[in-house]
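Shown next: final_19.txt, given as compact mmCIF, C-alpha atoms and all ligand atoms.
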# COMPACT_ATOMS: atom_id res chain seq x y z
CA MET Q 1 -14.32 -5.50 -18.79
CA GLU Q 2 -10.90 -5.69 -17.18
CA ARG Q 3 -10.05 -9.21 -16.09
CA ILE Q 4 -8.25 -9.93 -12.82
CA TYR Q 5 -6.48 -13.23 -12.31
CA LEU Q 6 -6.22 -14.39 -8.71
CA ASP Q 7 -5.87 -18.13 -9.25
CA ASN Q 8 -2.10 -18.39 -9.48
CA ASN Q 9 -1.94 -21.60 -7.43
CA ALA Q 10 -3.80 -23.28 -10.30
CA THR Q 11 -1.55 -21.91 -13.03
CA THR Q 12 0.28 -18.69 -13.88
CA ILE Q 13 0.73 -16.40 -16.86
CA VAL Q 14 3.86 -17.23 -18.86
CA ASP Q 15 6.30 -14.39 -18.28
CA PRO Q 16 6.61 -12.57 -21.66
CA LYS Q 17 10.42 -12.88 -21.37
CA VAL Q 18 10.02 -16.65 -21.05
CA LYS Q 19 7.71 -16.76 -24.06
CA ASP Q 20 10.25 -14.81 -26.14
CA ALA Q 21 13.07 -17.13 -25.06
CA MET Q 22 11.04 -20.17 -26.15
CA GLU Q 23 9.96 -18.80 -29.53
CA PRO Q 24 13.02 -19.80 -31.61
CA PHE Q 25 12.68 -23.42 -30.47
CA PHE Q 26 9.39 -23.81 -32.31
CA SER Q 27 10.25 -22.41 -35.71
CA GLN Q 28 14.04 -22.22 -36.12
CA MET Q 29 15.79 -24.59 -33.76
CA TYR Q 30 13.23 -27.34 -33.85
CA GLY Q 31 15.53 -30.34 -34.28
CA ASN Q 32 15.51 -33.39 -32.08
CA PRO Q 33 18.35 -32.93 -29.58
CA ASN Q 34 19.20 -36.63 -29.94
CA SER Q 35 19.83 -36.32 -33.68
CA LEU Q 36 23.38 -36.38 -35.02
CA HIS Q 37 22.94 -33.52 -37.50
CA ASN Q 38 23.21 -29.80 -36.80
CA PHE Q 39 19.48 -29.30 -36.27
CA GLY Q 40 19.86 -31.50 -33.22
CA ILE Q 41 23.39 -30.56 -32.16
CA GLU Q 42 22.71 -26.79 -32.12
CA ILE Q 43 20.02 -27.16 -29.44
CA ARG Q 44 22.16 -28.92 -26.86
CA PRO Q 45 24.04 -25.88 -25.48
CA TYR Q 46 20.70 -24.13 -24.87
CA MET Q 47 19.39 -27.21 -23.09
CA ARG Q 48 22.53 -27.21 -20.95
CA ILE Q 49 21.95 -23.58 -19.96
CA ALA Q 50 18.33 -24.37 -19.05
CA LEU Q 51 19.38 -27.38 -16.98
CA ASP Q 52 22.07 -25.32 -15.22
CA ARG Q 53 19.39 -22.78 -14.31
CA LEU Q 54 17.25 -25.53 -12.81
CA TYR Q 55 20.19 -26.96 -10.84
CA ALA Q 56 21.06 -23.49 -9.56
CA GLY Q 57 17.42 -22.74 -8.73
CA ILE Q 58 17.19 -25.58 -6.20
CA ASN Q 59 20.94 -25.69 -5.42
CA ALA Q 60 21.36 -29.26 -6.71
CA LYS Q 61 24.84 -30.71 -7.17
CA GLU Q 62 26.14 -31.60 -10.61
CA SER Q 63 26.16 -35.25 -9.55
CA ASP Q 64 22.42 -35.17 -8.72
CA ASP Q 65 19.84 -35.83 -11.41
CA ILE Q 66 17.16 -33.46 -12.65
CA VAL Q 67 14.89 -35.40 -15.00
CA ILE Q 68 12.74 -33.34 -17.36
CA ASN Q 69 9.19 -34.63 -17.73
CA SER Q 70 5.70 -33.40 -18.59
CA CYS Q 71 4.38 -32.14 -15.23
CA ALA Q 72 4.44 -32.63 -11.48
CA THR Q 73 1.74 -35.29 -11.76
CA GLU Q 74 4.18 -37.35 -13.81
CA GLY Q 75 7.04 -36.68 -11.38
CA ASN Q 76 4.96 -37.67 -8.36
CA ASN Q 77 3.70 -40.84 -10.09
CA THR Q 78 7.28 -41.72 -11.08
CA VAL Q 79 8.51 -41.49 -7.49
CA ILE Q 80 5.65 -43.35 -5.82
CA LYS Q 81 5.37 -46.14 -8.39
CA GLY Q 82 9.18 -46.26 -8.82
CA VAL Q 83 9.64 -46.84 -5.08
CA TYR Q 84 7.08 -49.62 -5.33
CA TYR Q 85 9.08 -51.40 -8.04
CA GLU Q 86 12.53 -50.67 -6.65
CA VAL Q 87 12.05 -50.86 -2.89
CA ILE Q 88 8.72 -52.42 -1.93
CA ARG Q 89 8.97 -55.35 -4.35
CA ASN Q 90 12.60 -56.06 -3.47
CA THR Q 91 12.72 -55.58 0.30
CA GLY Q 92 10.49 -56.38 3.26
CA LYS Q 93 9.40 -52.73 3.47
CA ASN Q 94 5.73 -52.34 2.58
CA GLU Q 95 4.63 -48.95 3.90
CA ILE Q 96 4.35 -45.47 2.46
CA VAL Q 97 3.68 -42.51 4.72
CA THR Q 98 2.03 -39.43 3.24
CA THR Q 99 -0.54 -36.85 4.39
CA GLN Q 100 -4.27 -36.34 4.07
CA VAL Q 101 -3.72 -33.00 2.34
CA GLU Q 102 -1.50 -33.96 -0.61
CA HIS Q 103 -2.51 -33.18 -4.18
CA PRO Q 104 -4.71 -35.88 -5.78
CA CYS Q 105 -1.78 -37.04 -7.95
CA VAL Q 106 -0.01 -38.20 -4.77
CA ILE Q 107 -3.10 -39.46 -2.94
CA ASN Q 108 -4.41 -41.39 -5.96
CA SER Q 109 -1.00 -42.90 -6.77
CA CYS Q 110 -0.91 -44.15 -3.17
CA LYS Q 111 -4.48 -45.44 -3.43
CA PHE Q 112 -3.43 -47.37 -6.54
CA LEU Q 113 -0.55 -48.97 -4.62
CA GLU Q 114 -3.00 -49.95 -1.85
CA THR Q 115 -4.77 -52.12 -4.45
CA LEU Q 116 -1.41 -53.90 -4.91
CA GLY Q 117 -1.14 -54.63 -1.19
CA VAL Q 118 0.93 -51.63 -0.01
CA LYS Q 119 0.03 -50.13 3.37
CA VAL Q 120 -0.33 -46.35 3.12
CA ILE Q 121 -0.53 -44.13 6.18
CA TYR Q 122 -2.21 -40.74 5.56
CA LEU Q 123 -1.04 -38.41 8.33
CA PRO Q 124 -3.44 -35.72 9.54
CA VAL Q 125 -2.40 -32.08 9.90
CA ASN Q 126 -2.33 -30.44 13.33
CA SER Q 127 -4.48 -27.60 14.62
CA GLU Q 128 -2.25 -25.12 12.71
CA GLY Q 129 -2.99 -26.98 9.47
CA ILE Q 130 0.54 -28.37 9.11
CA VAL Q 131 2.15 -31.80 9.49
CA ASP Q 132 4.49 -31.80 12.45
CA ALA Q 133 7.56 -33.94 13.00
CA ASP Q 134 6.18 -35.68 16.11
CA ILE Q 135 3.35 -37.35 14.26
CA LEU Q 136 5.70 -38.39 11.46
CA ARG Q 137 8.15 -39.85 14.01
CA GLU Q 138 5.37 -42.02 15.44
CA HIS Q 139 4.53 -43.53 12.07
CA ILE Q 140 7.87 -44.32 10.45
CA HIS Q 141 10.18 -47.26 10.96
CA PRO Q 142 13.32 -48.11 8.99
CA ASP Q 143 12.24 -51.76 8.63
CA ARG Q 144 8.77 -50.97 7.30
CA THR Q 145 8.70 -47.53 5.69
CA ALA Q 146 9.75 -47.51 2.03
CA LEU Q 147 8.94 -43.84 1.37
CA VAL Q 148 7.67 -40.68 3.02
CA SER Q 149 5.98 -38.20 0.66
CA ILE Q 150 5.04 -34.80 2.10
CA MET Q 151 4.43 -31.61 0.14
CA TRP Q 152 6.58 -28.51 0.77
CA ALA Q 153 3.63 -26.10 0.69
CA ASN Q 154 -0.08 -26.80 0.43
CA ASN Q 155 -1.89 -25.67 -2.71
CA GLU Q 156 -5.16 -24.83 -0.95
CA THR Q 157 -4.07 -23.07 2.22
CA GLY Q 158 -0.55 -22.00 1.22
CA LEU Q 159 0.68 -23.42 4.54
CA VAL Q 160 4.39 -24.27 4.38
CA PHE Q 161 5.33 -27.53 6.07
CA PRO Q 162 8.50 -27.94 8.19
CA ILE Q 163 10.24 -29.81 5.39
CA HIS Q 164 13.73 -29.40 6.81
CA GLU Q 165 12.73 -31.12 10.04
CA LEU Q 166 10.64 -33.81 8.33
CA ALA Q 167 13.31 -34.67 5.76
CA THR Q 168 16.08 -34.68 8.38
CA LEU Q 169 14.07 -37.10 10.51
CA CYS Q 170 13.75 -39.49 7.56
CA ARG Q 171 17.42 -39.12 6.63
CA GLU Q 172 18.45 -40.00 10.20
CA LYS Q 173 16.39 -43.18 9.96
CA GLY Q 174 17.59 -44.03 6.45
CA ILE Q 175 14.09 -43.62 4.94
CA LEU Q 176 13.59 -42.19 1.44
CA PHE Q 177 11.90 -38.77 1.46
CA HIS Q 178 9.98 -37.14 -1.39
CA THR Q 179 8.53 -33.64 -1.43
CA ASP Q 180 6.09 -32.14 -3.90
CA ALA Q 181 7.52 -28.62 -4.18
CA VAL Q 182 5.05 -27.38 -6.80
CA GLN Q 183 3.71 -24.57 -4.61
CA ALA Q 184 7.08 -23.72 -3.07
CA ILE Q 185 9.24 -22.80 -6.08
CA GLY Q 186 9.48 -19.02 -6.43
CA LYS Q 187 7.69 -18.45 -3.12
CA VAL Q 188 10.08 -19.80 -0.52
CA GLU Q 189 13.75 -20.76 -0.75
CA VAL Q 190 14.16 -24.33 -1.97
CA ASP Q 191 17.66 -25.67 -1.34
CA VAL Q 192 18.23 -29.41 -1.69
CA GLN Q 193 21.70 -29.21 -0.13
CA ASP Q 194 20.21 -27.70 3.00
CA VAL Q 195 17.10 -29.90 3.09
CA PRO Q 196 17.95 -33.62 2.74
CA VAL Q 197 15.22 -34.70 0.32
CA ASP Q 198 15.83 -37.67 -1.98
CA PHE Q 199 13.17 -36.71 -4.53
CA LEU Q 200 11.62 -33.33 -5.29
CA THR Q 201 9.07 -32.48 -7.97
CA PHE Q 202 7.90 -29.25 -9.58
CA SER Q 203 6.01 -27.94 -12.59
CA ALA Q 204 6.97 -24.95 -14.77
CA HIS Q 205 3.46 -23.54 -15.19
CA LYS Q 206 3.21 -22.70 -11.48
CA PHE Q 207 6.08 -20.21 -11.69
CA HIS Q 208 5.40 -18.33 -14.94
CA GLY Q 209 6.79 -21.02 -17.21
CA PRO Q 210 4.88 -23.01 -19.85
CA LYS Q 211 2.43 -25.85 -19.24
CA GLY Q 212 3.38 -29.42 -20.11
CA VAL Q 213 6.87 -29.47 -18.64
CA GLY Q 214 8.15 -30.30 -15.16
CA SER Q 215 11.09 -31.76 -13.30
CA LEU Q 216 11.98 -34.55 -10.95
CA PHE Q 217 15.07 -34.02 -8.79
CA MET Q 218 16.74 -37.26 -7.68
CA ARG Q 219 19.64 -37.14 -5.29
CA GLU Q 220 22.86 -38.82 -6.42
CA GLY Q 221 22.81 -42.54 -5.64
CA VAL Q 222 19.01 -42.82 -5.45
CA ASN Q 223 17.64 -45.25 -7.97
CA ILE Q 224 14.12 -45.95 -9.22
CA PRO Q 225 12.98 -47.26 -12.62
CA PRO Q 226 11.42 -44.89 -15.15
CA LEU Q 227 7.65 -44.57 -15.40
CA LEU Q 228 7.88 -44.32 -19.18
CA HIS Q 229 10.02 -46.90 -20.98
CA GLY Q 230 11.37 -46.26 -24.46
CA GLY Q 231 14.45 -44.46 -25.74
CA GLU Q 232 17.51 -43.47 -23.76
CA GLN Q 233 16.53 -39.84 -23.23
CA MET Q 234 17.31 -38.34 -19.80
CA GLY Q 235 20.01 -40.97 -19.31
CA GLY Q 236 17.36 -43.70 -19.41
CA ARG Q 237 15.39 -42.12 -16.57
CA ARG Q 238 12.51 -40.81 -18.70
CA ALA Q 239 11.89 -41.92 -22.27
CA GLY Q 240 10.31 -39.66 -24.88
CA THR Q 241 11.64 -36.78 -26.95
CA VAL Q 242 12.27 -33.94 -24.58
CA ASN Q 243 10.06 -30.86 -24.83
CA THR Q 244 12.93 -28.57 -25.82
CA ALA Q 245 10.99 -25.29 -25.94
CA GLY Q 246 9.40 -26.27 -22.62
CA LEU Q 247 12.75 -27.01 -21.02
CA ILE Q 248 14.23 -23.71 -22.25
CA GLY Q 249 11.15 -21.90 -20.87
CA MET Q 250 11.23 -23.74 -17.55
CA GLY Q 251 14.94 -23.01 -17.05
CA TYR Q 252 14.46 -19.31 -17.69
CA ALA Q 253 11.27 -19.20 -15.59
CA MET Q 254 13.22 -20.75 -12.72
CA GLU Q 255 15.98 -18.14 -13.00
CA LEU Q 256 13.39 -15.34 -13.00
CA ALA Q 257 11.53 -16.93 -10.07
CA ILE Q 258 14.72 -16.93 -8.01
CA GLN Q 259 15.45 -13.33 -9.01
CA HIS Q 260 11.94 -12.36 -7.85
CA LEU Q 261 11.98 -14.32 -4.59
CA LYS Q 262 12.60 -11.17 -2.57
CA TYR Q 263 9.88 -9.27 -4.45
CA GLU Q 264 7.48 -12.16 -3.84
CA ASN Q 265 8.20 -12.02 -0.11
CA THR Q 266 7.91 -8.25 0.16
CA GLU Q 267 5.66 -6.74 -2.52
CA VAL Q 268 3.43 -9.74 -3.31
CA ARG Q 269 3.19 -10.39 0.44
CA ARG Q 270 2.23 -6.75 1.03
CA LEU Q 271 -0.56 -6.93 -1.56
CA ARG Q 272 -1.74 -10.28 -0.19
CA ASP Q 273 -1.80 -8.85 3.34
CA LYS Q 274 -3.70 -5.78 2.16
CA LEU Q 275 -6.33 -8.01 0.53
CA GLU Q 276 -6.42 -10.28 3.57
CA ASP Q 277 -6.85 -7.38 6.02
CA ALA Q 278 -9.75 -6.08 3.93
CA ILE Q 279 -11.36 -9.53 3.85
CA LEU Q 280 -10.93 -9.87 7.61
CA SER Q 281 -12.69 -6.54 8.13
CA ILE Q 282 -15.91 -8.12 6.79
CA ARG Q 283 -17.92 -9.68 9.61
CA ASP Q 284 -17.98 -13.48 10.13
CA VAL Q 285 -14.94 -14.29 8.01
CA LEU Q 286 -12.21 -16.77 8.72
CA VAL Q 287 -8.84 -16.96 6.96
CA ILE Q 288 -7.27 -20.40 7.25
CA GLY Q 289 -3.75 -20.71 8.68
CA ARG Q 290 -1.49 -18.19 10.34
CA ARG Q 291 -0.14 -15.64 7.87
CA GLU Q 292 3.50 -16.14 8.83
CA LEU Q 293 3.19 -19.89 8.12
CA ARG Q 294 1.86 -19.39 4.59
CA THR Q 295 3.40 -18.78 1.18
CA PRO Q 296 3.31 -15.03 0.52
CA ASN Q 297 0.66 -15.18 -2.20
CA THR Q 298 -2.19 -17.31 -0.81
CA ILE Q 299 -5.42 -16.66 1.11
CA LEU Q 300 -8.05 -19.31 1.82
CA ALA Q 301 -11.02 -17.49 3.30
CA ALA Q 302 -14.40 -18.72 4.52
CA PHE Q 303 -17.36 -16.31 4.58
CA LYS Q 304 -20.13 -17.49 6.90
CA GLY Q 305 -23.45 -17.92 5.10
CA VAL Q 306 -21.96 -17.59 1.58
CA GLU Q 307 -21.49 -20.69 -0.61
CA GLY Q 308 -17.96 -20.74 -2.04
CA GLU Q 309 -19.25 -21.61 -5.53
CA ALA Q 310 -21.76 -18.73 -5.48
CA LEU Q 311 -19.04 -16.28 -4.50
CA ILE Q 312 -16.70 -17.52 -7.21
CA TRP Q 313 -19.46 -17.29 -9.79
CA ASP Q 314 -20.36 -13.76 -8.74
CA LEU Q 315 -16.73 -12.63 -8.76
CA ASN Q 316 -16.26 -14.26 -12.15
CA GLN Q 317 -19.17 -12.19 -13.49
CA ARG Q 318 -17.15 -9.16 -12.38
CA GLY Q 319 -14.07 -10.45 -14.22
CA ILE Q 320 -12.24 -11.75 -11.15
CA ALA Q 321 -10.88 -15.31 -11.22
CA THR Q 322 -10.67 -17.15 -7.88
CA SER Q 323 -11.21 -20.79 -6.92
CA THR Q 324 -12.87 -22.87 -4.25
CA GLY Q 325 -9.47 -24.12 -3.15
CA SER Q 326 -11.22 -27.51 -2.99
CA ALA Q 327 -12.49 -26.66 0.45
CA CYS Q 328 -14.62 -29.77 0.21
CA ALA Q 329 -14.06 -32.90 -1.84
CA SER Q 330 -16.49 -32.08 -4.64
CA GLU Q 331 -18.10 -35.52 -5.09
CA SER Q 332 -18.49 -36.42 -1.44
CA LEU Q 333 -18.95 -32.96 0.05
CA GLU Q 334 -16.71 -34.20 2.84
CA PRO Q 335 -15.02 -31.24 4.52
CA ASN Q 336 -11.36 -30.75 3.72
CA PRO Q 337 -9.02 -32.50 6.25
CA THR Q 338 -7.28 -29.19 7.01
CA PHE Q 339 -10.62 -27.68 8.01
CA VAL Q 340 -11.40 -30.69 10.19
CA ALA Q 341 -7.99 -30.58 11.90
CA MET Q 342 -8.41 -26.87 12.52
CA HIS Q 343 -11.85 -27.52 14.09
CA ILE Q 344 -13.59 -25.44 11.45
CA SER Q 345 -17.31 -26.21 11.37
CA SER Q 346 -18.59 -28.09 8.34
CA GLU Q 347 -20.94 -25.13 7.67
CA LEU Q 348 -17.95 -22.82 7.33
CA ALA Q 349 -15.94 -25.44 5.44
CA HIS Q 350 -18.41 -25.19 2.56
CA THR Q 351 -17.78 -21.49 2.16
CA GLY Q 352 -14.06 -21.33 1.38
CA ILE Q 353 -12.57 -19.47 -1.56
CA ARG Q 354 -8.90 -19.31 -2.49
CA LEU Q 355 -7.25 -16.15 -3.77
CA SER Q 356 -3.71 -16.58 -5.03
CA LEU Q 357 -1.61 -13.65 -6.25
CA SER Q 358 1.57 -13.49 -8.32
CA ARG Q 359 4.30 -11.01 -9.15
CA PHE Q 360 2.05 -9.82 -11.99
CA THR Q 361 -0.78 -8.82 -9.60
CA THR Q 362 -1.13 -5.04 -9.30
CA GLU Q 363 -2.28 -2.80 -6.47
CA GLU Q 364 -5.19 -1.60 -8.60
CA GLU Q 365 -6.33 -5.20 -9.11
CA VAL Q 366 -6.22 -5.79 -5.37
CA ASP Q 367 -8.24 -2.63 -4.71
CA LEU Q 368 -10.88 -3.62 -7.27
CA THR Q 369 -11.05 -7.12 -5.78
CA ILE Q 370 -11.57 -5.71 -2.28
CA LEU Q 371 -14.54 -3.67 -3.49
CA ALA Q 372 -15.98 -6.60 -5.44
CA ILE Q 373 -15.68 -9.03 -2.52
CA ARG Q 374 -17.34 -6.57 -0.11
CA ASN Q 375 -20.28 -6.02 -2.49
CA THR Q 376 -20.64 -9.65 -3.47
CA VAL Q 377 -20.54 -11.03 0.06
CA GLU Q 378 -23.10 -8.45 1.17
CA ARG Q 379 -25.36 -9.26 -1.78
CA LEU Q 380 -25.15 -13.02 -1.32
CA ARG Q 381 -25.70 -12.76 2.41
CA SER Q 382 -28.79 -10.60 1.93
CA ILE Q 383 -30.20 -13.17 -0.56
CA SER Q 384 -29.57 -16.04 1.84
CA MET Q 385 -31.22 -14.06 4.68
CA LYS Q 386 -34.31 -13.46 2.48
CA ASN Q 387 -34.51 -17.18 1.69
CA ARG Q 388 -34.56 -18.20 5.34
C1 LIG Q 401 0.76 -29.26 -4.82
C2 LIG Q 401 0.54 -29.69 -6.24
N1 LIG Q 401 1.08 -30.84 -6.67
C3 LIG Q 401 0.92 -31.27 -7.93
C4 LIG Q 401 0.19 -30.54 -8.83
C5 LIG Q 401 0.05 -31.06 -10.22
O1 LIG Q 401 0.76 -30.28 -11.11
P1 LIG Q 401 0.65 -30.53 -12.69
O2 LIG Q 401 -0.71 -30.08 -13.09
O3 LIG Q 401 1.72 -29.73 -13.28
O4 LIG Q 401 0.82 -31.98 -12.91
C6 LIG Q 401 -0.42 -29.35 -8.43
C7 LIG Q 401 -1.26 -28.57 -9.35
O5 LIG Q 401 -2.22 -27.93 -8.95
C8 LIG Q 401 -0.23 -28.91 -7.10
O6 LIG Q 401 -0.75 -27.76 -6.66
Have the structure of the file written as structure tokens, please.
Amino acid sequence: MERIYLDNNATTIVDPKVKDAMEPFFSQMYGNPNSLHNFGIEIRPYMRIALDRLYAGINAKESDDIVINSCATEGNNTVIKGVYYEVIRNTGKNEIVTTQVEHPCVINSCKFLETLGVKVIYLPVNSEGIVDADILREHIHPDRTALVSIMWANNETGLVFPIHELATLCREKGILFHTDAVQAIGKVEVDVQDVPVDFLTFSAHKFHGPKGVGSLFMREGVNIPPLLHGGEQMGGRRAGTVNTAGLIGMGYAMELAIQHLKYENTEVRRLRDKLEDAILSIRDVLVIGRRELRTPNTILAAFKGVEGEALIWDLNQRGIATSTGSACASESLEPNPTFVAMHISSELAHTGIRLSLSRFTTEEEVDLTILAIRNTVERLRSISMKNR
């Protein structure tokens, strides 16, 4: 059976070109880049090229820092806990402002800081499913706010937040601003000279790079302690032998992501829209968030009367990988805050599935998925009618 992968917001296939570029760093050039012999020395120019590709990819200045780490979870923990040690413990500021729709690695880092006495404000999204500048303005104050952390694009809905406006607001008030750009890289333009963020995090496996490697951008002059203490790697900002193959792969994946940005916003968008139009032609379906406000690859759709898990299971039996998009918090069955803000009924909130495409998604795969979704939704609805 042919398999179709439509869960690219969870992780992506490694681009074969990236895999080839990484290969020599496992079996030939495997030295430790900090060693003084040639096994180590010979790797450094390749690391430099990879770093240059990362700097170019987000338009960072040479004087800014890009720290290589293991994933975005690590980067986000480093920023939030680093601000606690550097700012909250040393100044009178004791508040962090974030949103109700961040990834668990941000939310749970903030929850941990609450146990240490930090006040965390979790902003709601508006009726469009995004965080707007007015609500942020109401909740920040230069004397109290140590950090604002707001994602660039949401992993579940694909909604892109007005990061330029939000970051500029914080800059004007002298408040540190962090953005989790995991779902933005390769989908929208990310330019740290245009958008005044102090910290930005991303993860290679979301843009056709390898798993286990990510980056933390830190603007020049911004200082927080490392999360991991040890050797002097990354200029003392992140200890631990760098994942050289991972860095080489991430650098190349970034360059390819930038090269494909136009394709992503034309061809991937076209395929996404085709799939979305077909989904919307089924009765009693809701797609969350206006299309123009979303990353070009994402659909979060709710099918009335069809449990999200049942639909995913059925599609999986047909070889199609999708996800629930965490429409509800799994343990509590609380509806997702985006659904609540958008006044989506809790009945519908339990029926969401997320389909996320990539530049490797083909038209044929989209056509097969359309057929499968139509059949599956019809089948599941007829079963639930019979059980009434
Ligand atoms: C928005 C967002 N932030 C952070 C992460 C965590 O990334 P990683 O698994 O690389 O730590 C994810 C992964 O799903 C994500 O979507």
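Around ligand LIG 401 (chain Q), using only C-alpha atoms and all ligand atoms and a cut-off of 7 Å, the residues in contact are Asn9, Ala10, Cys71, Ala72, Thr73, Glu74, Glu102, His103, Cys105, Met151, Ala153, Asn154, Asn155, Asp180, Ala181, Val182, Gln183, Ser203, His205 and Gly214 of chain Q.
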Subject >> Length of the atom CA of Val160 of chain Q to atom CA of Leu315 of chain Q vector [Å] >> reply: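 Atom CA of Val160 of chain Q sits 27.5 Å away from atom CA of Leu315 of chain Q.
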**OP:** Mind checking which residues fall within 7 Å of Lys119 of chain Q, counting all atoms listed in the file, ignoring those fewer than 5 positions away in the same chain, and posting them as a PyMOL selection string?
**Re:** chain Q and resi 94-96+114
**OP:** Compile the contact shell of Ile279 of chain Q as a VMD selection string: residues with an atom at most 12 Å away, counting only C-alpha atoms, same-chain residues fewer than 2 positions apart removed.
**Re:** chain Q and resid 272 to 277 281 to 287 299 to 303 353 to 355 366 to 367 369 to 377
**OP:** Pick out the closest residue to Arg238 of chain Q from this set: Q:Leu348, Q:Ala21, Q:Val67, Q:Ile43. Count only C-alpha atoms.
**Re:**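 Distance minimum relative to Arg238 of chain Q lands on Q:Val67.
Using all atoms listed in the file, the nearest neighbour of Asp65 of chain Q within the list Q:His260, Q:His343, Q:Arg237, Q:Arg291 is Q:Arg237.
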**OP:** May I ask for the distance between atom CA of Val188 of chain Q and atom CA of Pro104 of chain Q, given in Å to one decimal place?
**Re:** 22.5 Å
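Between atom CA of Leu166 of chain Q and atom CA of Leu147 of chain Q the separation is 12.3 Å.
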